[in-house]
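Worksheet: the structure to be examined is printed underneath.
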Amino acid sequence: MAIKKVIVIGGGVMGRGISRLIAATGIEVILLDLNQKIVEQSMKLIGEEMNAEIEKWGLTKSEKKAILSRIKPTVDLNQACGCDMLIEAIPEDLKSKQELFRKIDKLCPKDAIMVTNTSTLSITEIASVTTHPEKVIGMHFLPPVTKIPLVEIVRGLKTSRETFELIKKFAGEQLNKTVVSVYEYPGYVTTRIIVPLLNEAMYVLMEGIASAEDIDTAMKLGYGFDIGPLALADMMGLDEVMSWMENLLAELSEHKYNPCPLLRKLVRAGHLGKKTGQGFFKYDQEGNKIGEAISFIKW
Amino acid sequence: MKILVLNCGSSSVKYQLIDMDNDLVLAKGLVSRIGMSGAVLSHKPHDRNEVKISGEMLDHIVAVEHVIAILLSPNHGVIKDKSEISAVGHRVVHGGEKFPDSVFITPEVMLELRNCIDLAPLHNPHNIRGINACQRILPGVPQVAVFDTAFHQKMPPVAYIYGIPYVLYKRYGIRRYGFHGTSHFYVSQRTSQLMNKSIKELKIITCHLGNGASMAAVDQGISVDTTMGFTPLEGLLMGTRSGDLDPAIILHIMAREELSLHEANTLLNKHSGIQGISGISSDMRDIIEESSKGNAGAKLAFDIYCYRIRKYIGAYAATMGGLDVLVFTAGVGENAPLVRKASCENLEFLGVKIDSQKNDQMIGKEGIISTDDSRVKVLVIPTNEELVIAQDTERIVEEQARPRETSRGL
């Protein structure tokens, strides 16, 4: 089965990245969000994100134009009926994901593949509300989607081998990503391992052991990370990071996943990282770090 | 036997349908500006006027579909049925050391071609897309890949080994490969015909100046050195490619600007060259026009472009120990007298004298542009890669049909 048309649901950081990635391979993408205003904003952001890449010489203007022309914004879920694949990238909440999959299950053609981009929720649980759980699979992309060369492919309990093989081929050959296959278990590989690291970095900051800049510098230079843990959390979105922690805590009942109080405080204050201009660091419109970071250092 | 020749470039698809029984080009054309606004398909049947069809053609698959459709069209077409196409010959940029000759395309060959993508990131993917499109649209029709690298495979090691640990050549095949081989081969053979001399007696420098540009030193019919290297990035300044530069520069920029591998790659391949220097255009016509209006960036880009060609003419005359003929070909080489003139400036000591009048008149056609008393003859020869590809395709398809021991390639 050839994938010719894909509907991406949710125009957040992940949905936008996935839309761009797929459109760049020549496949038509429909990008759906809740209302006209949000979906238009998503399209605008996709354009801006590509402009930033052109500035960094990663893309040319003509490539941008070709990619944009293949992404069609919509608010009409019925558009899903002509698609070979659905990719869900809405906020990390089981109830709303299940609600969406229940609706999609009725609209999509029988052989359409239903993909979720969840990082911590159970594929099996999401698939349980559909009539074709064998067609449901997880594709866990990491942000920035167009740059990170990895995708985790997650099999639910009832995901069929055909679905798995097709997605593996699609991700590897068409999207040009390196594939890691994981079995249904909360957090898979990447989220489960990075979350305690981020949490620990937040504690180190909160306890006044080192400045945010120094924590990031130490981990970057000391262990060869491309980006420090606090800047990484800011980039991922602090609300997202906290919801992963809460999901992992609920599933695994391990204290190490309990969100650091500082994280809870920032999320409550609406300081969600890069996307709101303030997290552990401050950011300008283009997402460049500006000004002072949060500090707990006493002297 | 009718052979369709496809040349899928980074933003274009060139095609010719050639009847090999009488070497007649039944139709030829070009899809340009693929992926940009206002893509155009220009199609010229041999016995009728040229037609142009414009529209949005966002990738190579759509472009090839349009090409096949117009070859079959009742008004502009030249064949009645797809089955009249006996074989398809594809220009493929990089064949590595795996393919010293053209090859019949099989699934195994396709796999090897994909392995070569890293070597020519700007071209091989488009070539492969062209092959895939044909396999879909013309199932069962034999397809042959003709490589840009093949003609340079006889280069001696002194020309192809780089000054880095030898083990890297052994491990990853890192060496000079050279490109535009089909074009350098064609114009050097054609030179021998025009000079009425055996190729064995000639020392030729061929300058293929298109959007991508390279030069080759052709001694006794063999390419003994060429400006492009491991990838088509080395050597001359090009439309959007940097050509030669100190390799430490890119490491420095990557660190300073925190660039990823991908970004560094597109910086050198798509944002550099005359486009990067002038900030105006990757097209030499625009550069010449803006330069004549006094634009300093355009003039600098033009001067660097021609300076580097001149530098390599000197180098290759030295490597061959002499020079008999200098040849210009491809878009810029065939159509830009100003570039030819500037590239040959101050080369009288080498025996190169350009006749300004002849040079100015030689646009898009074959002929001599040096003075009668010029010791080195300077020629303009419109390249014909398609003919070479069609001839190779016919040879390979016939070999494939014969018993196994005669087949070449993989």
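We name chains A, B, ... following the order of the structure tokens; residues begin at 1 in each chain, and ligands are numbered from 1 as shown.
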Q.
At a cut-off of 10 Å, using only C-alpha atoms, what residues contact A:Arg20? Leave out same-chain residues fewer than 6 positions from it and give the result as a ChimeraX atom specification.
A. /A:14,29,46-47,49-50,64,67-68,70-71,145-146
Using only C-alpha atoms, find each residue in chain B having at least one atom no more than 12 Å away from chain A; report its shortest atom-to-atom pair and that distance in Å (one decimal), rows by chain then rising number, as CSV.
```
residue,atom,partner,partner_atom,distance
B:Ser10,CA,A:Glu63,CA,11.3
B:Ser11,CA,A:Ser62,CA,9.8
B:Arg33,CA,A:Ser62,CA,9.2
B:Ile34,CA,A:Ser62,CA,9.0
B:Gly35,CA,A:Ala66,CA,5.4
B:Met36,CA,A:Ser62,CA,5.3
B:Ser37,CA,A:Ser62,CA,8.0
B:Gly38,CA,A:Ser62,CA,11.4
B:Ala39,CA,A:Ala66,CA,11.5
B:Glu56,CA,A:Ala66,CA,9.5
B:Met57,CA,A:Ala66,CA,9.3
B:Leu58,CA,A:Ala66,CA,6.1
B:Asp59,CA,A:Gly26,CA,7.1
B:His60,CA,A:Gly26,CA,9.6
B:Ile61,CA,A:Gly26,CA,9.2
B:Val62,CA,A:Gly26,CA,10.0
B:Leu111,CA,A:Glu173,CA,11.8
B:Arg114,CA,A:Glu173,CA,10.3
B:Ile117,CA,A:Asn176,CA,11.9
B:Pro125,CA,A:Thr25,CA,11.2
B:His126,CA,A:Thr25,CA,11.8
B:Arg129,CA,A:Gly26,CA,11.1
B:Thr240,CA,A:Thr60,CA,10.8
B:Ile253,CA,A:Lys56,CA,11.1
B:Met254,CA,A:Lys56,CA,10.5
B:Ala255,CA,A:Asp226,CA,11.8
B:Arg256,CA,A:Lys56,CA,11.8
B:Glu257,CA,A:Lys56,CA,8.1
B:Glu258,CA,A:Lys56,CA,9.2
B:Leu259,CA,A:Lys56,CA,7.4
B:Ser260,CA,A:Gly58,CA,8.5
B:Leu261,CA,A:Gly58,CA,9.3
B:His262,CA,A:Gly58,CA,6.5
B:Glu263,CA,A:Gly58,CA,4.2
B:Ala264,CA,A:Trp57,CA,7.3
B:Asn265,CA,A:Gly58,CA,7.9
B:Thr266,CA,A:Gly58,CA,5.6
B:Leu267,CA,A:Trp57,CA,5.0
B:Leu268,CA,A:Trp57,CA,8.7
B:Asn269,CA,A:Trp57,CA,9.7
B:Lys270,CA,A:Thr60,CA,7.2
B:His271,CA,A:Trp57,CA,6.6
B:Ser272,CA,A:Trp57,CA,9.6
B:Gln275,CA,A:Thr60,CA,11.8
B:Gly276,CA,A:Trp57,CA,10.7
```
(Q) Report, in Å to a single decimal, how far apart atom CA of B:Ala145 and atom CA of B:Gln400 are. (A) 13.4 Å
Q) Using the chain letters and numbers from this document, which residues of stretch 27-209 of chain B does DSSP assign to strand (DSSP E), as a ChimeraX atom specification? A) /B:27-32,39-45,51-55,85-92,103-104,143-147,203-209
Atoms to include: N, CA and C atoms. Write the selected residues as a tab-separated table (two decimals), in the first residue's frame.
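Ended up saving to selection05.tsv:
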```
chain	number	residue	atom	x	y	z
B	27	ALA	N	11.85	13.83	-30.62
B	27	ALA	CA	11.34	14.96	-29.84
B	27	ALA	C	12.31	15.20	-28.71
B	28	LYS	N	12.41	16.47	-28.32
B	28	LYS	CA	13.20	16.73	-27.13
B	28	LYS	C	12.55	17.85	-26.34
B	29	GLY	N	12.92	17.95	-25.11
B	29	GLY	CA	12.29	18.99	-24.31
B	29	GLY	C	12.90	19.08	-22.94
B	30	LEU	N	12.32	19.99	-22.20
B	30	LEU	CA	12.87	20.32	-20.89
B	30	LEU	C	11.74	20.75	-19.97
B	31	VAL	N	11.70	20.16	-18.82
B	31	VAL	CA	10.82	20.68	-17.78
B	31	VAL	C	11.72	21.49	-16.85
B	32	SER	N	11.42	22.77	-16.69
B	32	SER	CA	12.27	23.59	-15.84
B	32	SER	C	11.48	24.15	-14.67
B	39	ALA	N	6.37	26.34	-13.24
B	39	ALA	CA	7.15	25.32	-13.92
B	39	ALA	C	6.71	25.27	-15.38
B	40	VAL	N	7.68	25.03	-16.28
B	40	VAL	CA	7.36	25.03	-17.71
B	40	VAL	C	7.89	23.75	-18.35
B	41	LEU	N	7.04	23.15	-19.20
B	41	LEU	CA	7.47	22.04	-20.04
B	41	LEU	C	7.57	22.56	-21.46
B	42	SER	N	8.81	22.61	-22.00
B	42	SER	CA	8.97	22.99	-23.40
B	42	SER	C	9.23	21.71	-24.17
B	43	HIS	N	8.43	21.50	-25.20
B	43	HIS	CA	8.48	20.24	-25.93
B	43	HIS	C	8.62	20.55	-27.42
B	44	LYS	N	9.63	19.93	-28.05
B	44	LYS	CA	9.84	20.20	-29.48
B	44	LYS	C	9.86	18.90	-30.25
B	45	PRO	N	8.76	18.60	-30.95
B	45	PRO	CA	8.78	17.44	-31.86
B	45	PRO	C	9.66	17.82	-33.06
B	51	VAL	N	6.18	23.58	-28.34
B	51	VAL	CA	5.04	24.00	-27.52
B	51	VAL	C	5.52	24.14	-26.08
B	52	LYS	N	4.88	25.06	-25.39
B	52	LYS	CA	5.22	25.25	-23.98
B	52	LYS	C	3.97	25.05	-23.14
B	53	ILE	N	4.11	24.26	-22.10
B	53	ILE	CA	2.99	24.05	-21.20
B	53	ILE	C	3.46	24.48	-19.81
B	54	SER	N	2.72	25.40	-19.20
B	54	SER	CA	3.16	25.80	-17.86
B	54	SER	C	2.14	25.35	-16.83
B	55	GLY	N	2.60	25.25	-15.63
B	55	GLY	CA	1.74	24.79	-14.55
B	55	GLY	C	2.61	24.52	-13.35
B	85	ILE	N	8.41	2.80	-26.93
B	85	ILE	CA	9.64	3.13	-26.22
B	85	ILE	C	10.33	1.81	-25.83
B	86	SER	N	11.46	1.50	-26.50
B	86	SER	CA	12.12	0.20	-26.29
B	86	SER	C	12.95	0.17	-25.03
B	87	ALA	N	13.49	1.32	-24.66
B	87	ALA	CA	14.34	1.36	-23.47
B	87	ALA	C	14.45	2.80	-22.98
B	88	VAL	N	14.81	2.93	-21.72
B	88	VAL	CA	15.02	4.26	-21.15
B	88	VAL	C	16.46	4.34	-20.65
B	89	GLY	N	17.16	5.40	-21.06
B	89	GLY	CA	18.52	5.62	-20.57
B	89	GLY	C	18.50	6.79	-19.60
B	90	HIS	N	19.02	6.57	-18.41
B	90	HIS	CA	19.02	7.63	-17.39
B	90	HIS	C	20.43	8.14	-17.16
B	91	ARG	N	20.55	9.44	-17.09
B	91	ARG	CA	21.80	9.99	-16.59
B	91	ARG	C	21.77	9.86	-15.07
B	92	VAL	N	22.78	9.21	-14.53
B	92	VAL	CA	22.89	9.12	-13.07
B	92	VAL	C	24.22	9.75	-12.67
B	103	VAL	N	25.11	0.60	-16.85
B	103	VAL	CA	24.63	-0.66	-16.30
B	103	VAL	C	23.12	-0.83	-16.51
B	104	PHE	N	22.72	-2.08	-16.73
B	104	PHE	CA	21.31	-2.45	-16.84
B	104	PHE	C	20.68	-2.38	-15.45
B	143	GLN	N	15.67	-0.47	-18.50
B	143	GLN	CA	16.24	0.83	-18.15
B	143	GLN	C	17.73	0.70	-17.90
B	144	VAL	N	18.47	1.72	-18.33
B	144	VAL	CA	19.92	1.69	-18.20
B	144	VAL	C	20.38	2.97	-17.50
B	145	ALA	N	21.34	2.82	-16.60
B	145	ALA	CA	21.91	3.99	-15.95
B	145	ALA	C	23.27	4.29	-16.57
B	146	VAL	N	23.47	5.55	-16.95
B	146	VAL	CA	24.75	5.98	-17.52
B	146	VAL	C	25.31	7.02	-16.54
B	147	PHE	N	26.54	6.77	-16.11
B	147	PHE	CA	27.05	7.54	-14.98
B	147	PHE	C	27.96	8.69	-15.39
B	203	LYS	N	45.97	16.85	-26.54
B	203	LYS	CA	45.85	17.23	-25.14
B	203	LYS	C	44.75	18.29	-25.07
B	204	ILE	N	43.65	17.92	-24.42
B	204	ILE	CA	42.46	18.79	-24.44
B	204	ILE	C	42.08	19.17	-23.02
B	205	ILE	N	41.66	20.43	-22.84
B	205	ILE	CA	41.00	20.80	-21.58
B	205	ILE	C	39.55	21.10	-21.92
B	206	THR	N	38.63	20.40	-21.26
B	206	THR	CA	37.22	20.62	-21.52
B	206	THR	C	36.60	21.36	-20.34
B	207	CYS	N	35.84	22.42	-20.64
B	207	CYS	CA	35.19	23.22	-19.59
B	207	CYS	C	33.68	23.05	-19.74
B	208	HIS	N	33.08	22.29	-18.84
B	208	HIS	CA	31.63	22.12	-18.84
B	208	HIS	C	31.07	23.13	-17.85
B	209	LEU	N	30.52	24.23	-18.37
B	209	LEU	CA	30.06	25.31	-17.50
B	209	LEU	C	28.54	25.43	-17.57
```
Q: To one decimal in Å, tell me the separation between atom CA of B:Ala216 and atom CA of B:Asp286.
A: 26.4 Å
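Taking atom CA of B:Ser188 as the reference point, atom CA of B:Lys353 is found at 20.0 Å.
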Q: Using DSSP on the backbone coordinates, identify all residues within stretch 204-326 of chain B classified as helix (DSSP H, G or I); present the result as a ChimeraX atom specification.
A: /B:247-257,261-270,273-278,284-292,296-320
